[in-house]
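**Student:** Just dropping this structure here.
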Amino acid sequence: MIVLGSNTLSRAESKTPAIIVPYDSITYPGIEVWPQAKVVVKKFYGSEQPVGGERIEFLEEGKYLGLALTGGDGDGVIRYIPYGEGIRRIRIRLYHTSGYKSEDAEMFVGVWSRSRPIILVSVDALKERQKEVVFPFMGKLSKETDWKPAAFAVDVLSDMSKRFNIVYLYNGSLTDFQKMRSWLSMNKFPVFPMIIWNNNINYIKRLISDRGKEIKGVVLNIEEEVDLFQNKQLRMFRISWKKEKSKNKDEFKNISIVTDWREIRKGLF
């Protein structure tokens with residue numbers, strides 16, 4: 001018995017660590033959507049390498065939804081038709097015979113009709129702005145979970161979630177996506193889908209085209225995100241330092257520059 005246990009442990013330890021990255025999405029009740037996930041391994045200097053030829057399983061509340069085979073880009077998809085409104089949680093895991101090991105991932109699919117407005121929120125706008133560090137490496141935040149929520153962000157978003165559906169926008173490393181989701185949960189932000197738009201620009205464009213009448217506002221932070229929405233007929237807000245506010249007003253004339261999440265609540269309600 002001891003020998004068998006040791007062999008099992010040895011096989012598990014010999015597997016290569018990988019990360020499953022879920023691609024959240026939104027759809028309408030009764031309309032098919034294609035849940036997609038990517039399998040990657042983290043290489044030196046933070047680079048990511050997709051893993052092809054891996055089987056990944058999709059489950060919802062214990063019900064088996066399907067099996068997908070990842071392609072050369074590491075992506076695997078299945079066909080899925082949700083019924084009834086709400087947020088579907090889909091668990092994704094590697095097939096048990098895989099030569100890789102990974103924690104299960106959770107995907108959110110927002111199933112919403114056109115009756116409720118939508119707010120797009122950059123996750124960078126939810127973080128407290130880090131003050132400039134005078135001495136290099138002193139006071140630097142080392143982990144995603146070390147960030148504190150921006151003042152009033154949790155309370156304002158919680159209030160807004162009673163009247164709006166929220167779509168979080170994530171722009172960062174794929175391997176840190178789950179850490180960002182854990183940070184949102186740990187800090188009690190309302191649970192909604194988080195779209196990875198840095199690798200999915202076309203999806204964001206389709207989202208705006210399809211749901212444009214329902215999207216009532218966009219909350220941004222960094223300039224790269226501003227460019228994506230600059231020419232859209234959307235109410236845009238940008239979180240800024242107070243000392244930056246006057247300068248940014250000239251730079252971004254079509255955006256409401258705010259210094260506090262409470263100003264966003266006033267602007268939307």
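Letters for chains follow the order of the structure tokens (A, B, ...), residue numbers begin at 1 for each chain, and ligand numbers begin at 1 in the order shown.
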Each residue of stretch 29-52 of chain A lying at most 10 Å from stretch 167-189 of chain A should get a row with its shortest atom-to-atom pair and the distance in Å to one decimal, counting only C-alpha atoms; could you produce that, ordered by chain and increasing number, as a tab-separated table?

**Tutor:**
```
residue	atom	partner	partner_atom	distance
A:Lys38	CA	A:Leu174	CA	9.0
A:Val39	CA	A:Thr175	CA	9.6
A:Val40	CA	A:Thr175	CA	7.7
A:Val41	CA	A:Thr175	CA	8.2
A:Lys42	CA	A:Thr175	CA	7.2
A:Gly46	CA	A:Ser173	CA	8.4
A:Ser47	CA	A:Ser173	CA	8.7
A:Glu48	CA	A:Thr175	CA	7.5
```

**Student:** Excluding A:Ile215 and residues on its chain fewer than 6 positions from it, collect all residues at most 9 Å away from it, counting only C-alpha atoms, and give them as a PDB file with all heavy atoms, in the first residue's frame.

**Tutor:**
```pdb
ATOM      1  N   PRO A 117     -29.369  47.551 -18.318  1.00  0.00           N
ATOM      2  CA  PRO A 117     -28.179  48.211 -18.876  1.00  0.00           C
ATOM      3  C   PRO A 117     -26.884  47.594 -18.366  1.00  0.00           C
ATOM      4  O   PRO A 117     -26.856  46.913 -17.338  1.00  0.00           O
ATOM      5  CB  PRO A 117     -28.333  49.660 -18.403  1.00  0.00           C
ATOM      6  CG  PRO A 117     -29.199  49.580 -17.194  1.00  0.00           C
ATOM      7  CD  PRO A 117     -30.134  48.438 -17.423  1.00  0.00           C
ATOM      8  N   ILE A 118     -25.808  47.863 -19.101  1.00  0.00           N
ATOM      9  CA  ILE A 118     -24.496  47.277 -18.817  1.00  0.00           C
ATOM     10  C   ILE A 118     -23.473  48.388 -18.578  1.00  0.00           C
ATOM     11  O   ILE A 118     -23.495  49.426 -19.238  1.00  0.00           O
ATOM     12  CB  ILE A 118     -24.029  46.396 -19.993  1.00  0.00           C
ATOM     13  CG1 ILE A 118     -24.967  45.191 -20.167  1.00  0.00           C
ATOM     14  CG2 ILE A 118     -22.591  45.919 -19.795  1.00  0.00           C
ATOM     15  CD1 ILE A 118     -24.683  44.375 -21.419  1.00  0.00           C
ATOM     16  N   ILE A 119     -22.568  48.143 -17.632  1.00  0.00           N
ATOM     17  CA  ILE A 119     -21.430  49.025 -17.389  1.00  0.00           C
ATOM     18  C   ILE A 119     -20.153  48.222 -17.612  1.00  0.00           C
ATOM     19  O   ILE A 119     -20.004  47.119 -17.083  1.00  0.00           O
ATOM     20  CB  ILE A 119     -21.430  49.578 -15.945  1.00  0.00           C
ATOM     21  CG1 ILE A 119     -22.722  50.341 -15.654  1.00  0.00           C
ATOM     22  CG2 ILE A 119     -20.219  50.483 -15.723  1.00  0.00           C
ATOM     23  CD1 ILE A 119     -22.893  51.589 -16.469  1.00  0.00           C
ATOM     24  N   LEU A 120     -19.224  48.758 -18.410  1.00  0.00           N
ATOM     25  CA  LEU A 120     -17.915  48.138 -18.600  1.00  0.00           C
ATOM     26  C   LEU A 120     -16.929  48.794 -17.636  1.00  0.00           C
ATOM     27  O   LEU A 120     -16.856  50.023 -17.565  1.00  0.00           O
ATOM     28  CB  LEU A 120     -17.430  48.324 -20.039  1.00  0.00           C
ATOM     29  CG  LEU A 120     -18.377  47.876 -21.164  1.00  0.00           C
ATOM     30  CD1 LEU A 120     -17.719  48.113 -22.519  1.00  0.00           C
ATOM     31  CD2 LEU A 120     -18.768  46.419 -21.007  1.00  0.00           C
ATOM     32  N   ILE A 208     -19.529  45.740 -28.182  1.00  0.00           N
ATOM     33  CA  ILE A 208     -20.025  47.113 -28.292  1.00  0.00           C
ATOM     34  C   ILE A 208     -21.029  47.230 -29.432  1.00  0.00           C
ATOM     35  O   ILE A 208     -22.053  47.908 -29.321  1.00  0.00           O
ATOM     36  CB  ILE A 208     -18.849  48.087 -28.491  1.00  0.00           C
ATOM     37  CG1 ILE A 208     -17.965  48.093 -27.239  1.00  0.00           C
ATOM     38  CG2 ILE A 208     -19.351  49.496 -28.787  1.00  0.00           C
ATOM     39  CD1 ILE A 208     -16.695  48.893 -27.388  1.00  0.00           C
ATOM     40  N   LEU A 234     -20.263  56.264 -26.190  1.00  0.00           N
ATOM     41  CA  LEU A 234     -20.455  55.727 -24.852  1.00  0.00           C
ATOM     42  C   LEU A 234     -20.103  56.787 -23.817  1.00  0.00           C
ATOM     43  O   LEU A 234     -19.232  57.628 -24.049  1.00  0.00           O
ATOM     44  CB  LEU A 234     -19.564  54.491 -24.631  1.00  0.00           C
ATOM     45  CG  LEU A 234     -19.725  53.329 -25.613  1.00  0.00           C
ATOM     46  CD1 LEU A 234     -18.661  52.274 -25.348  1.00  0.00           C
ATOM     47  CD2 LEU A 234     -21.106  52.713 -25.498  1.00  0.00           C
ATOM     48  N   ARG A 235     -20.755  56.741 -22.668  1.00  0.00           N
ATOM     49  CA  ARG A 235     -20.410  57.631 -21.560  1.00  0.00           C
ATOM     50  C   ARG A 235     -19.160  57.076 -20.893  1.00  0.00           C
ATOM     51  O   ARG A 235     -19.178  55.973 -20.348  1.00  0.00           O
ATOM     52  CB  ARG A 235     -21.567  57.698 -20.551  1.00  0.00           C
ATOM     53  CG  ARG A 235     -21.300  58.627 -19.375  1.00  0.00           C
ATOM     54  CD  ARG A 235     -21.316  60.072 -19.824  1.00  0.00           C
ATOM     55  NE  ARG A 235     -20.851  60.955 -18.772  1.00  0.00           N
ATOM     56  CZ  ARG A 235     -21.619  61.412 -17.781  1.00  0.00           C
ATOM     57  NH1 ARG A 235     -22.891  61.067 -17.720  1.00  0.00           N
ATOM     58  NH2 ARG A 235     -21.121  62.235 -16.878  1.00  0.00           N
TER      59      ARG A 235
END
```

**Student:** Determine the nearest neighbour of A:Asp210 from the options A:Phe229, A:Tyr95, A:Trp197, A:Tyr28, counting only C-alpha atoms.

**Tutor:**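 Closest residue, counting only C-alpha atoms: A:Tyr28.
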
**Student:** Let me make sure I understand: among A:Glu60, A:Glu263, A:Asp104, A:Glu32, which one has the smallest atom-to-atom distance to A:Ala153 if we use only C-alpha atoms?

**Tutor:**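 Among the listed residues, the smallest separation from A:Ala153 belongs to A:Glu263.
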
**Student:** Can you pull out every residue within 12 Å of A:Lys63, counting only C-alpha atoms, but drop anything in the same chain fewer than 6 positions away, and send it as JSON, numbers by chain?

**Tutor:** {"A": [57, 89, 90, 91, 92]}

**Student:** Run DSSP on the backbone and give me the residues of stretch 35-190 of chain A it puts in alpha helix (DSSP H), as a ChimeraX atom specification.

**Tutor:** /A:153-160,177-186

**Student:** Please extract the residues of stretch 9-205 of chain A with a backbone DSSP assignment of strand (DSSP E) and present them as a PDB file with N, CA and C atoms, in the first residue's frame.

**Tutor:**
```pdb
ATOM      1  N   THR A  16       4.165  18.416 -15.622  1.00  0.00           N
ATOM      2  CA  THR A  16       4.586  19.802 -15.823  1.00  0.00           C
ATOM      3  C   THR A  16       3.483  20.760 -15.379  1.00  0.00           C
ATOM      4  N   PRO A  17       3.795  21.758 -14.553  1.00  0.00           N
ATOM      5  CA  PRO A  17       2.770  22.726 -14.129  1.00  0.00           C
ATOM      6  C   PRO A  17       2.247  23.537 -15.317  1.00  0.00           C
ATOM      7  N   ILE A  19      -1.317  26.271 -16.576  1.00  0.00           N
ATOM      8  CA  ILE A  19      -2.376  27.158 -16.101  1.00  0.00           C
ATOM      9  C   ILE A  19      -3.512  27.139 -17.115  1.00  0.00           C
ATOM     10  N   ILE A  20      -4.736  26.991 -16.623  1.00  0.00           N
ATOM     11  CA  ILE A  20      -5.919  27.072 -17.481  1.00  0.00           C
ATOM     12  C   ILE A  20      -6.469  28.490 -17.385  1.00  0.00           C
ATOM     13  N   VAL A  21      -6.597  29.143 -18.525  1.00  0.00           N
ATOM     14  CA  VAL A  21      -7.106  30.519 -18.565  1.00  0.00           C
ATOM     15  C   VAL A  21      -8.511  30.495 -19.168  1.00  0.00           C
ATOM     16  N   PRO A  22      -9.550  30.816 -18.391  1.00  0.00           N
ATOM     17  CA  PRO A  22     -10.915  30.821 -18.924  1.00  0.00           C
ATOM     18  C   PRO A  22     -11.231  32.150 -19.609  1.00  0.00           C
ATOM     19  N   TYR A  23     -11.980  32.081 -20.688  1.00  0.00           N
ATOM     20  CA  TYR A  23     -12.427  33.298 -21.376  1.00  0.00           C
ATOM     21  C   TYR A  23     -13.908  33.510 -21.057  1.00  0.00           C
ATOM     22  N   SER A  25     -17.589  35.329 -21.015  1.00  0.00           N
ATOM     23  CA  SER A  25     -18.349  35.889 -22.133  1.00  0.00           C
ATOM     24  C   SER A  25     -19.754  36.233 -21.664  1.00  0.00           C
ATOM     25  N   ILE A  26     -20.519  36.889 -22.537  1.00  0.00           N
ATOM     26  CA  ILE A  26     -21.930  37.136 -22.257  1.00  0.00           C
ATOM     27  C   ILE A  26     -22.741  36.737 -23.486  1.00  0.00           C
ATOM     28  N   THR A  27     -23.997  36.394 -23.255  1.00  0.00           N
ATOM     29  CA  THR A  27     -24.878  35.998 -24.341  1.00  0.00           C
ATOM     30  C   THR A  27     -26.315  36.254 -23.918  1.00  0.00           C
ATOM     31  N   GLN A  36     -14.639  29.117 -24.127  1.00  0.00           N
ATOM     32  CA  GLN A  36     -13.274  28.915 -24.601  1.00  0.00           C
ATOM     33  C   GLN A  36     -12.300  29.029 -23.440  1.00  0.00           C
ATOM     34  N   ALA A  37     -11.310  28.161 -23.432  1.00  0.00           N
ATOM     35  CA  ALA A  37     -10.261  28.219 -22.417  1.00  0.00           C
ATOM     36  C   ALA A  37      -8.924  27.939 -23.081  1.00  0.00           C
ATOM     37  N   LYS A  38      -7.882  28.481 -22.491  1.00  0.00           N
ATOM     38  CA  LYS A  38      -6.530  28.313 -23.025  1.00  0.00           C
ATOM     39  C   LYS A  38      -5.658  27.631 -21.978  1.00  0.00           C
ATOM     40  N   VAL A  39      -4.827  26.710 -22.422  1.00  0.00           N
ATOM     41  CA  VAL A  39      -3.849  26.068 -21.543  1.00  0.00           C
ATOM     42  C   VAL A  39      -2.472  26.624 -21.884  1.00  0.00           C
ATOM     43  N   VAL A  40      -1.786  27.161 -20.875  1.00  0.00           N
ATOM     44  CA  VAL A  40      -0.462  27.742 -21.089  1.00  0.00           C
ATOM     45  C   VAL A  40       0.489  27.258 -20.003  1.00  0.00           C
ATOM     46  N   VAL A  41       1.768  27.330 -20.311  1.00  0.00           N
ATOM     47  CA  VAL A  41       2.803  27.117 -19.301  1.00  0.00           C
ATOM     48  C   VAL A  41       3.596  28.409 -19.196  1.00  0.00           C
ATOM     49  N   LYS A  42       4.009  28.718 -17.995  1.00  0.00           N
ATOM     50  CA  LYS A  42       4.759  29.945 -17.763  1.00  0.00           C
ATOM     51  C   LYS A  42       6.241  29.665 -17.948  1.00  0.00           C
ATOM     52  N   GLU A  48       4.622  33.370 -21.793  1.00  0.00           N
ATOM     53  CA  GLU A  48       3.617  32.308 -21.764  1.00  0.00           C
ATOM     54  C   GLU A  48       3.696  31.485 -23.040  1.00  0.00           C
ATOM     55  N   GLN A  49       3.626  30.179 -22.897  1.00  0.00           N
ATOM     56  CA  GLN A  49       3.667  29.293 -24.054  1.00  0.00           C
ATOM     57  C   GLN A  49       2.395  28.460 -24.095  1.00  0.00           C
ATOM     58  N   PRO A  50       1.633  28.533 -25.198  1.00  0.00           N
ATOM     59  CA  PRO A  50       0.404  27.737 -25.290  1.00  0.00           C
ATOM     60  C   PRO A  50       0.715  26.250 -25.385  1.00  0.00           C
ATOM     61  N   ARG A  55      -6.543  17.684 -23.752  1.00  0.00           N
ATOM     62  CA  ARG A  55      -7.988  17.572 -23.580  1.00  0.00           C
ATOM     63  C   ARG A  55      -8.409  18.290 -22.296  1.00  0.00           C
ATOM     64  N   ILE A  56      -9.409  19.149 -22.417  1.00  0.00           N
ATOM     65  CA  ILE A  56      -9.931  19.865 -21.252  1.00  0.00           C
ATOM     66  C   ILE A  56     -11.432  19.615 -21.144  1.00  0.00           C
ATOM     67  N   GLU A  57     -11.902  19.476 -19.914  1.00  0.00           N
ATOM     68  CA  GLU A  57     -13.303  19.158 -19.655  1.00  0.00           C
ATOM     69  C   GLU A  57     -14.033  20.371 -19.096  1.00  0.00           C
ATOM     70  N   PHE A  58     -15.288  20.529 -19.502  1.00  0.00           N
ATOM     71  CA  PHE A  58     -16.143  21.627 -19.051  1.00  0.00           C
ATOM     72  C   PHE A  58     -17.320  21.043 -18.270  1.00  0.00           C
ATOM     73  N   LEU A  59     -17.565  21.579 -17.067  1.00  0.00           N
ATOM     74  CA  LEU A  59     -18.658  21.099 -16.228  1.00  0.00           C
ATOM     75  C   LEU A  59     -19.417  22.274 -15.625  1.00  0.00           C
ATOM     76  N   GLU A  60     -20.718  22.097 -15.433  1.00  0.00           N
ATOM     77  CA  GLU A  60     -21.549  23.110 -14.788  1.00  0.00           C
ATOM     78  C   GLU A  60     -22.369  22.448 -13.692  1.00  0.00           C
ATOM     79  N   LYS A  63     -22.570  18.831 -13.806  1.00  0.00           N
ATOM     80  CA  LYS A  63     -23.039  18.262 -15.072  1.00  0.00           C
ATOM     81  C   LYS A  63     -21.954  18.407 -16.129  1.00  0.00           C
ATOM     82  N   TYR A  64     -21.682  17.318 -16.819  1.00  0.00           N
ATOM     83  CA  TYR A  64     -20.638  17.305 -17.839  1.00  0.00           C
ATOM     84  C   TYR A  64     -21.143  17.995 -19.103  1.00  0.00           C
ATOM     85  N   LEU A  65     -20.443  19.061 -19.533  1.00  0.00           N
ATOM     86  CA  LEU A  65     -20.867  19.809 -20.717  1.00  0.00           C
ATOM     87  C   LEU A  65     -20.158  19.361 -21.985  1.00  0.00           C
ATOM     88  N   GLY A  66     -18.911  18.925 -21.851  1.00  0.00           N
ATOM     89  CA  GLY A  66     -18.202  18.509 -23.049  1.00  0.00           C
ATOM     90  C   GLY A  66     -16.701  18.459 -22.853  1.00  0.00           C
ATOM     91  N   LEU A  67     -16.039  17.918 -23.870  1.00  0.00           N
ATOM     92  CA  LEU A  67     -14.587  17.762 -23.875  1.00  0.00           C
ATOM     93  C   LEU A  67     -14.039  18.489 -25.095  1.00  0.00           C
ATOM     94  N   ALA A  68     -12.974  19.270 -24.902  1.00  0.00           N
ATOM     95  CA  ALA A  68     -12.366  20.005 -26.012  1.00  0.00           C
ATOM     96  C   ALA A  68     -10.898  19.641 -26.124  1.00  0.00           C
ATOM     97  N   LEU A  69     -10.387  19.697 -27.337  1.00  0.00           N
ATOM     98  CA  LEU A  69      -8.970  19.456 -27.597  1.00  0.00           C
ATOM     99  C   LEU A  69      -8.321  20.786 -27.959  1.00  0.00           C
ATOM    100  N   ASP A  75      -5.945  26.923 -27.284  1.00  0.00           N
ATOM    101  CA  ASP A  75      -7.366  27.148 -27.040  1.00  0.00           C
ATOM    102  C   ASP A  75      -8.203  25.901 -27.314  1.00  0.00           C
ATOM    103  N   GLY A  76      -9.206  25.707 -26.468  1.00  0.00           N
ATOM    104  CA  GLY A  76     -10.191  24.656 -26.675  1.00  0.00           C
ATOM    105  C   GLY A  76     -11.578  25.229 -26.446  1.00  0.00           C
ATOM    106  N   VAL A  77     -12.568  24.828 -27.247  1.00  0.00           N
ATOM    107  CA  VAL A  77     -13.920  25.376 -27.137  1.00  0.00           C
ATOM    108  C   VAL A  77     -14.954  24.258 -27.210  1.00  0.00           C
ATOM    109  N   GLY A  86     -28.985  35.006 -15.795  1.00  0.00           N
ATOM    110  CA  GLY A  86     -28.117  34.854 -14.632  1.00  0.00           C
ATOM    111  C   GLY A  86     -26.675  34.679 -15.065  1.00  0.00           C
ATOM    112  N   ILE A  87     -25.822  34.386 -14.105  1.00  0.00           N
ATOM    113  CA  ILE A  87     -24.407  34.153 -14.390  1.00  0.00           C
ATOM    114  C   ILE A  87     -24.122  32.666 -14.230  1.00  0.00           C
ATOM    115  N   ARG A  88     -23.729  32.040 -15.318  1.00  0.00           N
ATOM    116  CA  ARG A  88     -23.388  30.622 -15.293  1.00  0.00           C
ATOM    117  C   ARG A  88     -21.914  30.468 -14.901  1.00  0.00           C
ATOM    118  N   ARG A  89     -21.661  29.525 -14.008  1.00  0.00           N
ATOM    119  CA  ARG A  89     -20.288  29.220 -13.593  1.00  0.00           C
ATOM    120  C   ARG A  89     -19.901  27.864 -14.170  1.00  0.00           C
ATOM    121  N   ILE A  90     -18.887  27.865 -14.997  1.00  0.00           N
ATOM    122  CA  ILE A  90     -18.439  26.638 -15.651  1.00  0.00           C
ATOM    123  C   ILE A  90     -17.038  26.292 -15.156  1.00  0.00           C
ATOM    124  N   ARG A  91     -16.891  25.079 -14.674  1.00  0.00           N
ATOM    125  CA  ARG A  91     -15.585  24.617 -14.189  1.00  0.00           C
ATOM    126  C   ARG A  91     -14.836  23.930 -15.324  1.00  0.00           C
ATOM    127  N   ILE A  92     -13.551  24.227 -15.426  1.00  0.00           N
ATOM    128  CA  ILE A  92     -12.721  23.676 -16.498  1.00  0.00           C
ATOM    129  C   ILE A  92     -11.527  22.968 -15.864  1.00  0.00           C
ATOM    130  N   ARG A  93     -11.256  21.771 -16.332  1.00  0.00           N
ATOM    131  CA  ARG A  93     -10.140  21.007 -15.770  1.00  0.00           C
ATOM    132  C   ARG A  93      -9.437  20.217 -16.867  1.00  0.00           C
ATOM    133  N   LEU A  94      -8.186  19.874 -16.614  1.00  0.00           N
ATOM    134  CA  LEU A  94      -7.439  19.022 -17.526  1.00  0.00           C
ATOM    135  C   LEU A  94      -7.952  17.591 -17.425  1.00  0.00           C
ATOM    136  N   TYR A 100       0.240  17.224 -17.904  1.00  0.00           N
ATOM    137  CA  TYR A 100       0.365  18.489 -17.188  1.00  0.00           C
ATOM    138  C   TYR A 100      -0.520  18.459 -15.946  1.00  0.00           C
ATOM    139  N   LYS A 101      -0.232  19.337 -15.012  1.00  0.00           N
ATOM    140  CA  LYS A 101      -1.068  19.489 -13.826  1.00  0.00           C
ATOM    141  C   LYS A 101      -1.447  20.957 -13.683  1.00  0.00           C
ATOM    142  N   ALA A 105     -10.084  25.761 -13.323  1.00  0.00           N
ATOM    143  CA  ALA A 105     -10.419  27.171 -13.555  1.00  0.00           C
ATOM    144  C   ALA A 105     -11.934  27.326 -13.558  1.00  0.00           C
ATOM    145  N   GLU A 106     -12.394  28.532 -13.285  1.00  0.00           N
ATOM    146  CA  GLU A 106     -13.827  28.817 -13.305  1.00  0.00           C
ATOM    147  C   GLU A 106     -14.114  29.918 -14.311  1.00  0.00           C
ATOM    148  N   MET A 107     -15.069  29.651 -15.176  1.00  0.00           N
ATOM    149  CA  MET A 107     -15.483  30.596 -16.207  1.00  0.00           C
ATOM    150  C   MET A 107     -16.864  31.141 -15.875  1.00  0.00           C
ATOM    151  N   PHE A 108     -17.064  32.448 -16.112  1.00  0.00           N
ATOM    152  CA  PHE A 108     -18.368  33.068 -15.916  1.00  0.00           C
ATOM    153  C   PHE A 108     -18.978  33.399 -17.278  1.00  0.00           C
ATOM    154  N   VAL A 109     -20.216  33.010 -17.473  1.00  0.00           N
ATOM    155  CA  VAL A 109     -20.964  33.370 -18.678  1.00  0.00           C
ATOM    156  C   VAL A 109     -22.186  34.170 -18.233  1.00  0.00           C
ATOM    157  N   GLY A 110     -22.224  35.449 -18.606  1.00  0.00           N
ATOM    158  CA  GLY A 110     -23.377  36.281 -18.279  1.00  0.00           C
ATOM    159  C   GLY A 110     -24.487  36.042 -19.291  1.00  0.00           C
ATOM    160  N   VAL A 111     -25.625  35.560 -18.822  1.00  0.00           N
ATOM    161  CA  VAL A 111     -26.772  35.290 -19.698  1.00  0.00           C
ATOM    162  C   VAL A 111     -27.814  36.360 -19.401  1.00  0.00           C
ATOM    163  N   ILE A 118     -25.808  47.863 -19.101  1.00  0.00           N
ATOM    164  CA  ILE A 118     -24.496  47.277 -18.817  1.00  0.00           C
ATOM    165  C   ILE A 118     -23.473  48.388 -18.578  1.00  0.00           C
ATOM    166  N   ILE A 119     -22.568  48.143 -17.632  1.00  0.00           N
ATOM    167  CA  ILE A 119     -21.430  49.025 -17.389  1.00  0.00           C
ATOM    168  C   ILE A 119     -20.153  48.222 -17.612  1.00  0.00           C
ATOM    169  N   LEU A 120     -19.224  48.758 -18.410  1.00  0.00           N
ATOM    170  CA  LEU A 120     -17.915  48.138 -18.600  1.00  0.00           C
ATOM    171  C   LEU A 120     -16.929  48.794 -17.636  1.00  0.00           C
ATOM    172  N   VAL A 121     -16.176  47.981 -16.904  1.00  0.00           N
ATOM    173  CA  VAL A 121     -15.280  48.515 -15.877  1.00  0.00           C
ATOM    174  C   VAL A 121     -13.892  47.890 -16.009  1.00  0.00           C
ATOM    175  N   SER A 122     -12.893  48.714 -16.240  1.00  0.00           N
ATOM    176  CA  SER A 122     -11.515  48.232 -16.247  1.00  0.00           C
ATOM    177  C   SER A 122     -11.111  47.840 -14.828  1.00  0.00           C
ATOM    178  N   ASN A 165     -25.909  45.418 -15.105  1.00  0.00           N
ATOM    179  CA  ASN A 165     -24.993  44.294 -15.252  1.00  0.00           C
ATOM    180  C   ASN A 165     -23.605  44.876 -15.470  1.00  0.00           C
ATOM    181  N   ILE A 166     -22.600  44.240 -14.907  1.00  0.00           N
ATOM    182  CA  ILE A 166     -21.231  44.747 -14.988  1.00  0.00           C
ATOM    183  C   ILE A 166     -20.371  43.758 -15.762  1.00  0.00           C
ATOM    184  N   VAL A 167     -19.530  44.289 -16.639  1.00  0.00           N
ATOM    185  CA  VAL A 167     -18.532  43.475 -17.331  1.00  0.00           C
ATOM    186  C   VAL A 167     -17.167  44.055 -16.993  1.00  0.00           C
ATOM    187  N   TYR A 168     -16.339  43.269 -16.307  1.00  0.00           N
ATOM    188  CA  TYR A 168     -14.979  43.708 -15.999  1.00  0.00           C
ATOM    189  C   TYR A 168     -14.097  43.530 -17.236  1.00  0.00           C
ATOM    190  N   LEU A 169     -13.162  44.455 -17.431  1.00  0.00           N
ATOM    191  CA  LEU A 169     -12.213  44.381 -18.536  1.00  0.00           C
ATOM    192  C   LEU A 169     -10.821  44.152 -17.970  1.00  0.00           C
ATOM    193  N   TYR A 170     -10.190  43.079 -18.408  1.00  0.00           N
ATOM    194  CA  TYR A 170      -8.858  42.723 -17.905  1.00  0.00           C
ATOM    195  C   TYR A 170      -7.830  42.886 -19.013  1.00  0.00           C
ATOM    196  N   MET A 194     -15.451  38.647 -16.479  1.00  0.00           N
ATOM    197  CA  MET A 194     -14.273  39.488 -16.697  1.00  0.00           C
ATOM    198  C   MET A 194     -13.684  39.130 -18.062  1.00  0.00           C
ATOM    199  N   ILE A 195     -13.752  40.076 -18.983  1.00  0.00           N
ATOM    200  CA  ILE A 195     -13.323  39.839 -20.357  1.00  0.00           C
ATOM    201  C   ILE A 195     -11.838  40.155 -20.510  1.00  0.00           C
ATOM    202  N   ILE A 196     -11.102  39.224 -21.110  1.00  0.00           N
ATOM    203  CA  ILE A 196      -9.684  39.452 -21.403  1.00  0.00           C
ATOM    204  C   ILE A 196      -9.614  40.159 -22.746  1.00  0.00           C
TER     205      ILE A 196
END
```

**Student:** Quick check, in Å to one decimal: how far apart do atom CA of A:Leu220 and atom CA of A:Ile204 lie?

**Tutor:** 14.2 Å

**Student:** Just the number, please: distance in Å from atom CA of A:Ser113 to atom CA of A:Ile81, one decimal.

**Tutor:**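 Here the two named atoms are 14.2 Å from each other.
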
**Student:** Find the residue from A:Gly71, A:Arg79, A:Glu214, A:Gly62 that sits nearest to A:Val33; use only C-alpha atoms when measuring.

**Tutor:**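 Nearest to A:Val33: A:Arg79.
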
**Student:** Using only C-alpha atoms, pick whichever of A:Leu228, A:Pro29, A:Lys15, A:Met160 has the shortest atom-to-atom distance to A:His96.

**Tutor:**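 That would be A:Lys15, the residue with the smallest distance to A:His96.
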
**Student:** Any idea what's packed within 8 Å of A:Gly30, counting only C-alpha atoms, ignoring anything in its chain fewer than 3 positions away? Could you give it as a PyMOL selection string?

**Tutor:** chain A and resi 81-84

**Student:** Filtering to C-alpha atoms, could you give me those residues as a JSON list (two decimals), in the first residue's frame?

**Tutor:**
```json
[["chain", "number", "residue", "atom", "x", "y", "z"],
["A", 81, "ILE", "CA", -26.73, 26.97, -25.00],
["A", 82, "PRO", "CA", -27.78, 28.48, -21.64],
["A", 83, "TYR", "CA", -31.43, 29.02, -20.72],
["A", 84, "GLY", "CA", -32.72, 31.52, -18.19]]
```

**Student:** Taking only C-alpha atoms into account, name the residue in A:Arg206, A:Lys127, A:Arg163, A:Arg211 that is nearest to A:Trp261.

**Tutor:**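 With only C-alpha atoms as the atom set, the closest residue is A:Lys127.
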
**Student:** What does the distance from atom CA of A:Lys213 to atom CA of A:Val156 come to in Å, to one decimal?

**Tutor:**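 Here the two named atoms are 22.6 Å from each other.
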
**Student:** If we count only C-alpha atoms, what is near A:Val258 at a cut-off of 8 Å, once residues fewer than 5 positions away on the same chain are taken out, given as a list in words?

**Tutor:**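 Counting only C-alpha atoms, the residues come to Phe237, Arg238, Ile239, Ser240, Lys245, Glu263 and Ile264 of chain A.
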